[in-house]
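What's in my_file13.txt: compact mmCIF, C-alpha atoms and all ligand atoms
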# COMPACT_ATOMS: atom_id res chain seq x y z
CA MET D 887 33.68 -11.68 -22.85
CA SER D 888 32.58 -10.70 -19.37
CA THR D 889 30.89 -7.30 -18.96
CA ARG D 890 32.84 -5.11 -16.52
CA VAL D 891 30.39 -3.36 -14.21
CA ALA D 892 30.45 -0.58 -11.64
CA VAL D 893 27.52 -0.02 -9.29
CA VAL D 894 26.95 3.57 -8.11
CA GLY D 895 24.89 4.01 -4.95
CA LEU D 896 25.12 1.25 -2.38
CA GLY D 897 21.83 1.46 -0.51
CA GLY D 898 19.60 -1.59 -0.31
CA ILE D 899 19.20 -1.89 -4.09
CA GLY D 900 22.82 -1.13 -4.98
CA GLN D 901 23.97 -3.80 -2.50
CA MET D 902 21.65 -6.37 -4.07
CA GLN D 903 22.67 -5.44 -7.60
CA SER D 904 26.34 -5.70 -6.57
CA ASP D 905 25.72 -9.26 -5.38
CA VAL D 906 24.05 -10.12 -8.69
CA PHE D 907 26.76 -8.59 -10.91
CA ALA D 908 29.48 -10.27 -8.83
CA SER D 909 27.86 -13.70 -9.13
CA GLU D 910 26.59 -13.75 -12.73
CA ALA D 911 28.76 -15.73 -15.18
CA ASP D 912 28.61 -12.93 -17.80
CA SER D 913 29.60 -10.01 -15.59
CA GLU D 914 32.41 -8.91 -13.31
CA LEU D 915 31.82 -6.37 -10.55
CA VAL D 916 34.99 -4.27 -10.83
CA ALA D 917 33.97 -1.28 -8.71
CA ALA D 918 31.35 0.05 -6.33
CA VAL D 919 30.76 3.72 -5.51
CA ASP D 920 29.12 5.46 -2.58
CA ARG D 921 29.81 8.58 -0.54
CA ASN D 922 29.24 6.50 2.57
CA GLU D 923 32.37 4.67 3.75
CA ALA D 924 30.54 1.97 5.72
CA LYS D 925 28.51 1.02 2.64
CA ARG D 926 31.66 0.89 0.50
CA ASP D 927 33.40 -1.29 3.09
CA ALA D 928 30.46 -3.68 3.25
CA VAL D 929 30.67 -4.33 -0.51
CA ALA D 930 34.48 -4.49 -0.56
CA SER D 931 34.67 -7.05 2.23
CA ARG D 932 31.80 -9.15 0.86
CA LEU D 933 32.64 -9.07 -2.85
CA GLY D 934 36.30 -8.03 -3.06
CA CYS D 935 35.86 -5.22 -5.63
CA ARG D 936 37.55 -1.80 -5.59
CA THR D 937 35.48 1.03 -4.13
CA TYR D 938 35.33 4.79 -4.66
CA ALA D 939 33.65 7.74 -2.96
CA SER D 940 32.78 9.46 -6.25
CA VAL D 941 31.79 8.58 -9.81
CA ASP D 942 34.56 10.86 -11.13
CA ASP D 943 37.24 8.92 -9.19
CA MET D 944 35.83 5.59 -10.33
CA LEU D 945 35.67 6.61 -14.01
CA ALA D 946 39.19 8.05 -13.86
CA ASN D 947 40.59 4.75 -12.59
CA GLU D 948 38.46 1.99 -14.14
CA GLN D 949 37.56 0.77 -17.60
CA VAL D 950 33.92 -0.28 -17.28
CA ASP D 951 31.43 -1.43 -19.89
CA LEU D 952 28.32 -0.85 -17.80
CA VAL D 953 27.46 1.46 -14.89
CA SER D 954 24.42 0.69 -12.79
CA VAL D 955 23.01 3.86 -11.22
CA CYS D 956 21.20 3.19 -7.90
CA THR D 957 21.58 6.62 -6.30
CA ALA D 958 17.92 7.44 -5.48
CA GLY D 959 17.74 11.13 -4.39
CA PHE D 960 14.69 13.42 -4.32
CA GLU D 961 11.50 11.40 -4.88
CA GLN D 962 13.86 8.40 -5.31
CA GLY D 963 14.98 9.58 -8.77
CA GLY D 964 16.54 13.03 -8.27
CA ALA D 965 20.14 11.77 -8.03
CA HIS D 966 20.20 9.68 -11.20
CA LEU D 967 21.08 12.36 -13.78
CA GLU D 968 24.64 13.24 -12.79
CA PRO D 969 26.14 9.72 -12.53
CA THR D 970 24.26 8.64 -15.67
CA MET D 971 25.57 11.54 -17.77
CA LYS D 972 29.11 11.03 -16.46
CA ALA D 973 29.02 7.30 -17.23
CA LEU D 974 27.69 7.95 -20.75
CA ALA D 975 30.37 10.61 -21.32
CA ALA D 976 32.96 7.99 -20.37
CA GLY D 977 31.55 5.61 -23.00
CA ALA D 978 29.80 3.19 -20.62
CA HIS D 979 26.34 1.72 -21.05
CA VAL D 980 23.97 2.56 -18.16
CA LEU D 981 21.33 0.66 -16.23
CA VAL D 982 19.40 3.27 -14.24
CA GLU D 983 17.07 2.42 -11.39
CA LYS D 984 13.43 3.38 -11.61
CA PRO D 985 12.17 6.03 -11.78
CA VAL D 986 14.66 7.16 -14.44
CA SER D 987 14.22 10.55 -12.79
CA ASN D 988 11.58 12.43 -10.79
CA ASP D 989 11.93 15.14 -13.45
CA ILE D 990 10.83 14.34 -16.97
CA ALA D 991 13.19 16.85 -18.61
CA GLU D 992 16.14 15.16 -16.88
CA ALA D 993 14.91 11.75 -18.03
CA ARG D 994 14.71 13.02 -21.62
CA THR D 995 18.27 14.37 -21.35
CA MET D 996 19.55 10.91 -20.33
CA VAL D 997 17.63 9.08 -23.06
CA ASP D 998 18.73 11.56 -25.75
CA GLU D 999 22.38 11.48 -24.68
CA ALA D 1000 22.54 7.67 -24.71
CA LYS D 1001 21.11 7.69 -28.26
CA ARG D 1002 23.51 10.43 -29.38
CA GLN D 1003 26.44 8.35 -28.11
CA GLY D 1004 25.10 5.03 -29.45
CA LEU D 1005 25.12 3.58 -25.93
CA VAL D 1006 22.56 1.49 -24.07
CA LEU D 1007 20.34 3.14 -21.47
CA ALA D 1008 18.22 0.52 -19.71
CA THR D 1009 15.92 0.87 -16.70
CA ASN D 1010 15.45 -1.57 -13.85
CA LEU D 1011 11.75 -2.26 -14.47
CA ASN D 1012 12.32 -5.76 -13.15
CA HIS D 1013 8.76 -7.05 -12.71
CA ARG D 1014 8.37 -8.13 -16.34
CA PHE D 1015 11.46 -10.39 -16.39
CA VAL D 1016 10.31 -13.23 -14.12
CA HIS D 1017 9.27 -16.58 -15.56
CA PRO D 1018 5.46 -16.30 -15.07
CA ALA D 1019 5.49 -12.85 -16.68
CA ARG D 1020 7.34 -14.23 -19.70
CA ARG D 1021 4.79 -17.04 -19.95
CA LEU D 1022 1.89 -14.56 -19.76
CA LYS D 1023 3.42 -12.52 -22.61
CA GLU D 1024 3.72 -15.70 -24.68
CA TRP D 1025 0.04 -16.52 -24.01
CA ILE D 1026 -1.09 -13.01 -24.98
CA ASP D 1027 1.07 -13.01 -28.14
CA ALA D 1028 -0.26 -16.48 -29.06
CA GLY D 1029 -3.84 -15.17 -28.87
CA GLU D 1030 -4.94 -17.13 -25.76
CA ILE D 1031 -6.73 -14.05 -24.38
CA GLY D 1032 -8.19 -13.11 -27.77
CA GLU D 1033 -9.07 -9.49 -28.34
CA PRO D 1034 -8.11 -7.61 -25.12
CA LEU D 1035 -11.08 -5.86 -23.49
CA LEU D 1036 -10.40 -5.26 -19.79
CA VAL D 1037 -7.06 -4.69 -18.03
CA ALA D 1038 -6.44 -4.10 -14.32
CA PHE D 1039 -3.30 -3.59 -12.27
CA ASN D 1040 -3.01 -3.18 -8.49
CA LEU D 1041 0.25 -2.28 -6.74
CA TRP D 1042 -0.29 -1.86 -3.02
CA VAL D 1043 2.62 -1.39 -0.60
CA ALA D 1044 3.44 0.45 2.62
CA ASN D 1045 5.45 3.67 2.47
CA PRO D 1046 4.96 6.28 5.22
CA VAL D 1047 6.97 9.03 3.46
CA ASP D 1048 4.78 12.13 3.37
CA GLU D 1049 6.89 14.88 1.83
CA THR D 1050 5.65 15.79 -1.67
CA PRO D 1051 2.16 15.52 -3.22
CA TYR D 1052 2.98 13.21 -6.13
CA PHE D 1053 5.66 11.00 -4.54
CA GLN D 1054 3.52 7.86 -4.76
CA LEU D 1055 2.86 8.43 -8.47
CA ARG D 1056 6.46 9.28 -9.34
CA GLU D 1057 8.22 6.68 -7.20
CA LEU D 1058 5.94 3.64 -7.49
CA HIS D 1059 4.16 3.67 -10.81
CA SER D 1060 6.99 3.37 -13.33
CA HIS D 1061 6.55 -0.32 -12.52
CA SER D 1062 2.78 -0.15 -13.02
CA PHE D 1063 2.79 1.67 -16.34
CA ASP D 1064 5.57 -0.57 -17.61
CA ILE D 1065 3.61 -3.73 -16.81
CA LEU D 1066 0.40 -2.29 -18.29
CA ARG D 1067 2.14 -1.29 -21.54
CA HIS D 1068 4.18 -4.51 -21.73
CA PHE D 1069 1.10 -6.75 -21.60
CA ALA D 1070 -1.68 -4.57 -23.01
CA GLY D 1071 0.07 -2.10 -25.32
CA GLU D 1072 0.10 1.67 -25.47
CA ILE D 1073 -2.13 3.84 -23.27
CA VAL D 1074 -3.79 6.74 -25.10
CA GLU D 1075 -6.15 8.32 -22.54
CA LEU D 1076 -6.38 8.43 -18.77
CA GLN D 1077 -8.21 10.02 -15.88
CA ALA D 1078 -6.71 9.93 -12.39
CA PHE D 1079 -8.20 10.33 -8.92
CA VAL D 1080 -6.20 10.38 -5.68
CA THR D 1081 -6.87 10.21 -1.97
CA LYS D 1082 -4.97 9.96 1.32
CA PRO D 1083 -5.74 9.00 4.93
CA THR D 1084 -6.25 11.82 7.46
CA SER D 1085 -2.87 10.90 9.04
CA ARG D 1086 -1.05 12.27 5.97
CA SER D 1087 -0.59 15.95 5.19
CA SER D 1088 1.18 15.98 1.82
CA THR D 1089 1.43 12.81 -0.25
CA TRP D 1090 -1.57 11.63 -2.26
CA SER D 1091 -0.85 8.08 -1.19
CA SER D 1092 -3.60 6.10 -2.96
CA CYS D 1093 -4.73 6.47 -6.55
CA SER D 1094 -7.27 5.12 -9.00
CA ILE D 1095 -6.55 5.75 -12.68
CA ASN D 1096 -8.90 4.91 -15.55
CA LEU D 1097 -7.17 3.93 -18.76
CA ARG D 1098 -7.94 3.57 -22.44
CA PHE D 1099 -5.51 1.57 -24.57
CA ALA D 1100 -4.66 2.06 -28.26
CA SER D 1101 -6.10 -1.43 -28.86
CA GLY D 1102 -9.52 -0.23 -27.69
CA ALA D 1103 -9.28 -2.10 -24.36
CA VAL D 1104 -10.12 -0.18 -21.19
CA GLY D 1105 -8.66 -0.63 -17.74
CA SER D 1106 -7.61 0.68 -14.37
CA LEU D 1107 -4.58 1.14 -12.17
CA HIS D 1108 -5.04 1.11 -8.40
CA GLY D 1109 -1.93 2.11 -6.47
CA SER D 1110 -1.26 2.66 -2.81
CA TYR D 1111 1.34 3.42 -0.16
CA ASP D 1112 -1.28 2.81 2.55
CA MET D 1113 -1.32 -1.01 2.46
CA THR D 1114 1.23 -3.67 3.43
CA THR D 1115 3.41 -6.19 1.63
CA SER D 1116 2.53 -8.77 4.32
CA HIS D 1117 -0.53 -9.55 2.20
CA PRO D 1118 -0.76 -9.91 -1.59
CA PHE D 1119 0.50 -6.61 -3.01
CA GLU D 1120 0.54 -6.87 -6.79
CA ARG D 1121 -2.01 -8.21 -9.27
CA PHE D 1122 -2.29 -7.91 -13.05
CA GLU D 1123 -5.38 -9.10 -14.90
CA ILE D 1124 -6.19 -9.10 -18.60
CA ALA D 1125 -9.55 -10.25 -19.94
CA GLY D 1126 -10.38 -10.67 -23.60
CA SER D 1127 -12.72 -12.24 -26.11
CA LYS D 1128 -11.25 -15.75 -25.62
CA GLY D 1129 -10.01 -15.87 -22.04
CA ARG D 1130 -8.75 -14.22 -18.90
CA ALA D 1131 -5.35 -14.32 -17.19
CA VAL D 1132 -4.24 -13.20 -13.73
CA LEU D 1133 -0.63 -12.74 -12.58
CA ASP D 1134 -0.51 -12.62 -8.77
CA ASN D 1135 2.34 -11.09 -6.76
CA VAL D 1136 4.84 -10.63 -9.60
CA TYR D 1137 5.90 -14.30 -9.77
CA GLU D 1138 3.78 -16.20 -7.22
CA ARG D 1139 1.05 -17.57 -9.50
CA LEU D 1140 -0.17 -17.13 -13.07
CA THR D 1141 -3.66 -18.34 -13.96
CA LEU D 1142 -5.30 -18.75 -17.37
CA MET D 1143 -9.08 -19.24 -17.68
CA ARG D 1144 -10.24 -19.90 -21.24
CA HIS D 1145 -13.86 -19.08 -22.06
CA ASP D 1146 -14.27 -22.37 -23.96
CA SER D 1147 -13.09 -24.61 -21.09
CA GLU D 1148 -13.93 -25.24 -17.44
CA ASP D 1149 -10.26 -26.10 -16.78
CA THR D 1150 -7.85 -23.56 -15.30
CA THR D 1151 -4.14 -23.53 -16.25
CA VAL D 1152 -1.85 -22.48 -13.39
CA VAL D 1153 1.87 -21.63 -13.45
CA GLN D 1154 3.03 -21.66 -9.83
CA ASN D 1155 6.43 -20.53 -8.54
CA PRO D 1156 8.20 -23.77 -7.54
CA ILE D 1157 9.02 -24.26 -3.82
CA LEU D 1158 12.48 -25.57 -4.70
CA GLY D 1159 14.40 -23.88 -7.50
CA GLY D 1160 11.89 -21.06 -8.01
CA ILE D 1161 12.23 -17.41 -7.09
CA ASP D 1162 12.89 -17.29 -3.34
CA GLY D 1163 12.20 -13.59 -2.78
CA PHE D 1164 11.15 -10.46 -4.63
CA TYR D 1165 14.70 -9.22 -5.13
CA HIS D 1166 15.64 -12.45 -6.88
CA SER D 1167 13.79 -10.82 -9.80
CA LEU D 1168 16.70 -8.38 -10.18
CA ARG D 1169 18.84 -11.29 -11.30
CA PHE D 1170 16.54 -12.11 -14.22
CA ARG D 1171 16.40 -8.47 -15.31
CA ILE D 1172 20.18 -8.11 -15.13
CA ARG D 1173 20.80 -11.43 -16.87
CA GLN D 1174 18.68 -10.33 -19.82
CA LEU D 1175 20.40 -6.96 -20.03
CA LEU D 1176 23.86 -8.58 -20.07
CA ASP D 1177 22.65 -10.88 -22.82
CA GLU D 1178 21.22 -8.01 -24.88
CA ILE D 1179 24.37 -5.92 -24.52
CA ARG D 1180 26.54 -8.89 -25.57
CA THR D 1181 24.42 -9.82 -28.60
CA GLY D 1182 23.33 -6.32 -29.65
CA ALA D 1183 19.65 -7.33 -29.35
CA PRO D 1184 17.03 -4.61 -28.72
CA ILE D 1185 16.99 -3.56 -25.06
CA SER D 1186 14.00 -4.71 -23.00
CA ALA D 1187 12.77 -2.12 -20.49
CA SER D 1188 14.87 0.52 -22.25
CA GLY D 1189 15.38 4.14 -21.31
CA ASP D 1190 12.54 4.93 -23.72
CA ASP D 1191 10.24 2.60 -21.75
CA GLY D 1192 11.28 4.27 -18.49
CA LEU D 1193 10.68 7.70 -20.03
CA ARG D 1194 7.28 6.66 -21.41
CA ALA D 1195 6.25 5.49 -17.93
CA LEU D 1196 7.17 8.94 -16.61
CA GLU D 1197 5.16 10.64 -19.38
CA LEU D 1198 2.11 8.64 -18.29
CA ILE D 1199 2.74 9.53 -14.64
CA GLU D 1200 2.91 13.23 -15.57
CA SER D 1201 -0.32 12.83 -17.58
CA ALA D 1202 -1.94 11.34 -14.46
CA ILE D 1203 -0.73 14.33 -12.43
CA ALA D 1204 -2.17 16.70 -15.06
CA SER D 1205 -5.48 14.86 -14.81
CA ILE D 1206 -5.50 15.19 -11.00
CA GLN D 1207 -4.77 18.90 -11.24
CA THR D 1208 -7.37 19.67 -13.93
CA GLY D 1209 -10.01 17.03 -13.21
CA GLU D 1210 -9.97 16.25 -16.95
CA VAL D 1211 -9.49 13.13 -19.03
CA VAL D 1212 -5.99 13.55 -20.52
CA ALA D 1213 -5.03 12.44 -24.04
CA CYS D 1214 -1.61 10.80 -23.63
CA ALA D 1215 -0.75 8.97 -26.86
CA PRO D 1216 3.01 9.12 -27.52
CA GLN D 1217 4.14 12.16 -29.53
CA THR D 1218 5.59 11.05 -32.86
N1 LIG T 1301 13.50 -1.95 -9.12
C1 LIG T 1301 12.99 -2.11 -7.90
O1 LIG T 1301 12.23 -3.02 -7.63
C2 LIG T 1301 13.36 -1.12 -6.83
C3 LIG T 1301 13.00 -1.35 -5.49
C4 LIG T 1301 13.36 -0.40 -4.54
C5 LIG T 1301 14.05 0.75 -4.91
N2 LIG T 1301 14.35 0.96 -6.24
C6 LIG T 1301 15.08 2.16 -6.68
O2 LIG T 1301 16.47 1.96 -6.43
C7 LIG T 1301 17.10 3.23 -6.19
C8 LIG T 1301 17.94 3.10 -4.92
O3 LIG T 1301 17.08 2.85 -3.83
P1 LIG T 1301 17.69 2.59 -2.37
O4 LIG T 1301 16.54 2.28 -1.52
O5 LIG T 1301 18.82 1.61 -2.47
O6 LIG T 1301 18.26 4.07 -2.05
P2 LIG T 1301 19.18 4.54 -0.81
O7 LIG T 1301 18.82 5.96 -0.59
O8 LIG T 1301 19.09 3.56 0.30
O9 LIG T 1301 20.67 4.45 -1.40
C9 LIG T 1301 21.19 5.36 -2.31
C10 LIG T 1301 22.71 5.41 -2.09
O10 LIG T 1301 23.30 6.21 -3.12
C11 LIG T 1301 24.34 6.99 -2.54
N3 LIG T 1301 24.54 8.14 -3.44
C12 LIG T 1301 23.61 9.03 -3.85
N4 LIG T 1301 24.15 9.89 -4.73
C13 LIG T 1301 25.44 9.52 -4.89
C14 LIG T 1301 26.50 10.00 -5.69
N5 LIG T 1301 26.35 11.05 -6.53
N6 LIG T 1301 27.71 9.40 -5.60
C15 LIG T 1301 27.88 8.34 -4.78
N7 LIG T 1301 26.90 7.82 -4.01
C16 LIG T 1301 25.70 8.41 -4.06
C17 LIG T 1301 23.85 7.34 -1.16
O11 LIG T 1301 24.93 7.62 -0.30
C18 LIG T 1301 23.11 6.05 -0.76
O12 LIG T 1301 23.96 5.15 -0.07
C19 LIG T 1301 15.97 4.27 -6.14
O13 LIG T 1301 15.93 4.98 -7.35
C20 LIG T 1301 14.70 3.43 -5.95
O14 LIG T 1301 13.56 4.03 -6.53
C21 LIG T 1301 14.04 0.04 -7.18

Reformat the file's structure so that it appears as structure tokens.
Ligand SMILES: NC(=O)c1ccc[n+]([C@@H]2O[C@H](COP(=O)([O-])OP(=O)(O)OC[C@H]3O[C@@H](n4cnc5c(N)ncnc54)[C@H](O)[C@@H]3O)[C@@H](O)[C@H]2O)c1
Amino acid sequence: MSTRVAVVGLGGIGQMQSDVFASEADSELVAAVDRNEAKRDAVASRLGCRTYASVDDMLANEQVDLVSVCTAGFEQGGAHLEPTMKALAAGAHVLVEKPVSNDIAEARTMVDEAKRQGLVLATNLNHRFVHPARRLKEWIDAGEIGEPLLVAFNLWVANPVDETPYFQLRELHSHSFDILRHFAGEIVELQAFVTKPTSRSSTWSSCSINLRFASGAVGSLHGSYDMTTSHPFERFEIAGSKGRAVLDNVYERLTLMRHDSEDTTVVQNPILGGIDGFYHSLRFRIRQLLDEIRTGAPISASGDDGLRALELIESAIASIQTGEVVACAPQT
């Protein structure tokens, strides 16, 4: 049976998600919601779904299985709570954009409420769903890297917003911490340093964070809003006792270098039939979520994963403020 979906928030991401839900075989885009009439009209004329100016109106008139919350707000996560809680109260599963919230207490409220209601709360941490990332996970799980020792992640983009001190950490690095945990396991200690160019007055726009993993591996996260996506902008590397792997630019190229061989194995995004743009990755994330909802399988990139990423971000902020190494193992 097709999953009936409503998308709330029709900015750039909500428009793209609407296209995906309308074109996937397992979903039907029944409604789209935004306060902005022009954005509603754009979706209605392109995709033919009903549109509403408010979540309340949409929920009063539609039976939906899944609501995708793309509302952004303060620090790009401040407007996620209200539509998420309303959708859960109406009995719908929720896919919430990253960050789940800019406020960790609000994120916990969403995660707890979904569990209380027995509903799915998933987050759009889309980077891990592309084909080369799946292959890298298979290699790591099959022991190709051996015992993990060194882990590094760089996420370098351009974002001139200069409004709050920790915007870069809170907006950008849900992706980073999700990728680091997905491939290298839990992070138990960190120490963060930040900087900014003289042109900025508020946002700490570049960061370097030292990490220690539960496995014993050590690593680093380098993040920045002061670079450009015209050049390579994302790189994950894991090095272990048997080999080393590098995932370049989310899906562009995956490389495996085994210590016992001079040969290099490369998985390259195909020119024809491969991913033809970053936002194509949303399709793979959404496809997997639809599959997991239909089959009842555990949710990949769940609300808990989104919340855990926020906990690590807040630990990094605590480290910046105190200058200390922060113990950040999950509370049990
Ligand atoms: N996963 C990714 O790779 C990725 C990439 C970029 C952005 N994002 C995230 O996607 C989200 C959306 O980003 P964006 O750039 O599309 O934001 P945006 O600000 O362009 O759009 C948000 C839209 O939501 C609408 N809106 C807000 N609150 C509403 C409400 N209560 N009811 C109805 N409409 C409401 C606004 O009118 C606006 O049109 C953000 O959380 C952002 O962090 C994710």

### Query
Which residues, written as an MDAnalysis selection string, have at least one atom at most 12 Å from D:Gly1126, with all atoms listed in the file counted and residues fewer than 4 positions away on the same chain left out?
chainID D and resid 1025:1026 1029:1037 1070 1101:1105 1130:1132 1142:1145

### Task
Please identify all polymer residues within 8 Å of D:Thr970, counting all atoms listed in the file, omitting same-chain residues fewer than 3 positions from it, and present them as a count of residues only.
9

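Using only C-alpha atoms and all ligand atoms for every distance, the candidate list D:Val1047, D:Leu1168, D:Val1006, D:Ala1078 yields D:Leu1168 as the residue closest to ligand LIG 1301 (chain T).
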
Would you compute, for all listed atoms of stretch 1013-1022 of chain D, the axis-aligned bounding box grown by 3 Å on each side, and then report its centre and edge lengths in Å rounded to one decimal, as AutoDock Vina command-line options?
--center_x 6.7 --center_y -12.0 --center_z -16.3 --size_x 15.6 --size_y 16.0 --size_z 13.2

### Query
Mind pulling up the distance from atom CA of D:Ala1183 to atom CA of D:Met887?
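That distance, rounded to one decimal, is 16.1 Å.
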
### Query
Which residue gives the smallest distance to D:His1017 among D:Phe1119, D:Tyr1137, D:Tyr1165, D:Phe1063, with all atoms listed in the file counted?
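Among the listed residues, the smallest separation from D:His1017 belongs to D:Tyr1137.
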
Could you give me, as a JSON list (two decimals) with C-alpha atoms, in the frame of the given file, every polymer residue with an atom at most 7 Å away from an atom of ligand LIG 1301 (chain T), counting only C-alpha atoms and all ligand atoms?
[["chain", "number", "residue", "atom", "x", "y", "z"],
["D", 894, "VAL", "CA", 26.95, 3.57, -8.11],
["D", 895, "GLY", "CA", 24.89, 4.01, -4.95],
["D", 896, "LEU", "CA", 25.12, 1.25, -2.38],
["D", 897, "GLY", "CA", 21.83, 1.46, -0.51],
["D", 898, "GLY", "CA", 19.60, -1.59, -0.31],
["D", 899, "ILE", "CA", 19.20, -1.89, -4.09],
["D", 900, "GLY", "CA", 22.82, -1.13, -4.98],
["D", 919, "VAL", "CA", 30.76, 3.72, -5.51],
["D", 920, "ASP", "CA", 29.12, 5.46, -2.58],
["D", 921, "ARG", "CA", 29.81, 8.58, -0.54],
["D", 922, "ASN", "CA", 29.24, 6.50, 2.57],
["D", 925, "LYS", "CA", 28.51, 1.02, 2.64],
["D", 939, "ALA", "CA", 33.65, 7.74, -2.96],
["D", 940, "SER", "CA", 32.78, 9.46, -6.25],
["D", 941, "VAL", "CA", 31.79, 8.58, -9.81],
["D", 956, "CYS", "CA", 21.20, 3.19, -7.90],
["D", 957, "THR", "CA", 21.58, 6.62, -6.30],
["D", 958, "ALA", "CA", 17.92, 7.44, -5.48],
["D", 959, "GLY", "CA", 17.74, 11.13, -4.39],
["D", 962, "GLN", "CA", 13.86, 8.40, -5.31],
["D", 963, "GLY", "CA", 14.98, 9.58, -8.77],
["D", 965, "ALA", "CA", 20.14, 11.77, -8.03],
["D", 968, "GLU", "CA", 24.64, 13.24, -12.79],
["D", 969, "PRO", "CA", 26.14, 9.72, -12.53],
["D", 983, "GLU", "CA", 17.07, 2.42, -11.39],
["D", 984, "LYS", "CA", 13.43, 3.38, -11.61],
["D", 985, "PRO", "CA", 12.17, 6.03, -11.78],
["D", 1010, "ASN", "CA", 15.45, -1.57, -13.85],
["D", 1011, "LEU", "CA", 11.75, -2.26, -14.47],
["D", 1012, "ASN", "CA", 12.32, -5.76, -13.15],
["D", 1057, "GLU", "CA", 8.22, 6.68, -7.20]]

### Task
Have a look at D:Leu1175, D:Ile1203, D:Leu1022, D:Ala978 and name the one nearest to D:Gln1077; count all atoms listed in the file.
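With all atoms listed in the file as the atom set, the closest residue is D:Ile1203.
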
### Message
Applying 12 Å and only C-alpha atoms, which residues near D:Asn1040 remain after dropping the ones on its own chain fewer than 4 positions away? List them as JSON, numbers by chain.
### Response
{"D": [1058, 1059, 1061, 1062, 1063, 1065, 1066, 1092, 1093, 1094, 1095, 1105, 1106, 1107, 1108, 1109, 1110, 1111, 1113, 1118, 1119, 1120, 1121, 1122, 1123, 1132, 1133, 1134, 1135, 1136]}

### Query
In Å, how far is it from atom CA of D:Ser1186 to atom CA of D:Thr1141?
24.1 Å

### Task
Kindly give the distance, in Å, that separates atom CA of D:Asp942 and atom CA of D:Ala892, rounded to a single decimal.
12.2 Å

### Option closest in space to D:Ile1206, from D:Ala908, D:Ala1008, D:Cys935, D:Leu1076 [counting only C-alpha atoms]
D:Leu1076

### Message
Which residues are close to D:Arg1169, i.e. within 12 Å by all atoms listed in the file, leaving aside same-chain residues fewer than 4 positions away? Reply as a PyMOL selection string.
### Response
chain D and resi 899+902-913+1010-1013+1015-1017+1161-1165+1173-1176

### Task
Find the residues around D:Val891 up to 8 Å (only C-alpha atoms counted), leave out those fewer than 6 positions away in its own chain, and share them as a list in words.
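Near neighbours after the sequence-gap exclusion: Phe907, Ser913, Glu914, Leu915, Val916, Ala917, Val950, Asp951, Leu952, Val953 and Ser954 of chain D.
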
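Between D:Gly1129 and the residues D:Ala976, D:Ser1201, D:Thr1151, D:Thr1050, the shortest atom-to-atom distance, using only C-alpha atoms, involves D:Thr1151.
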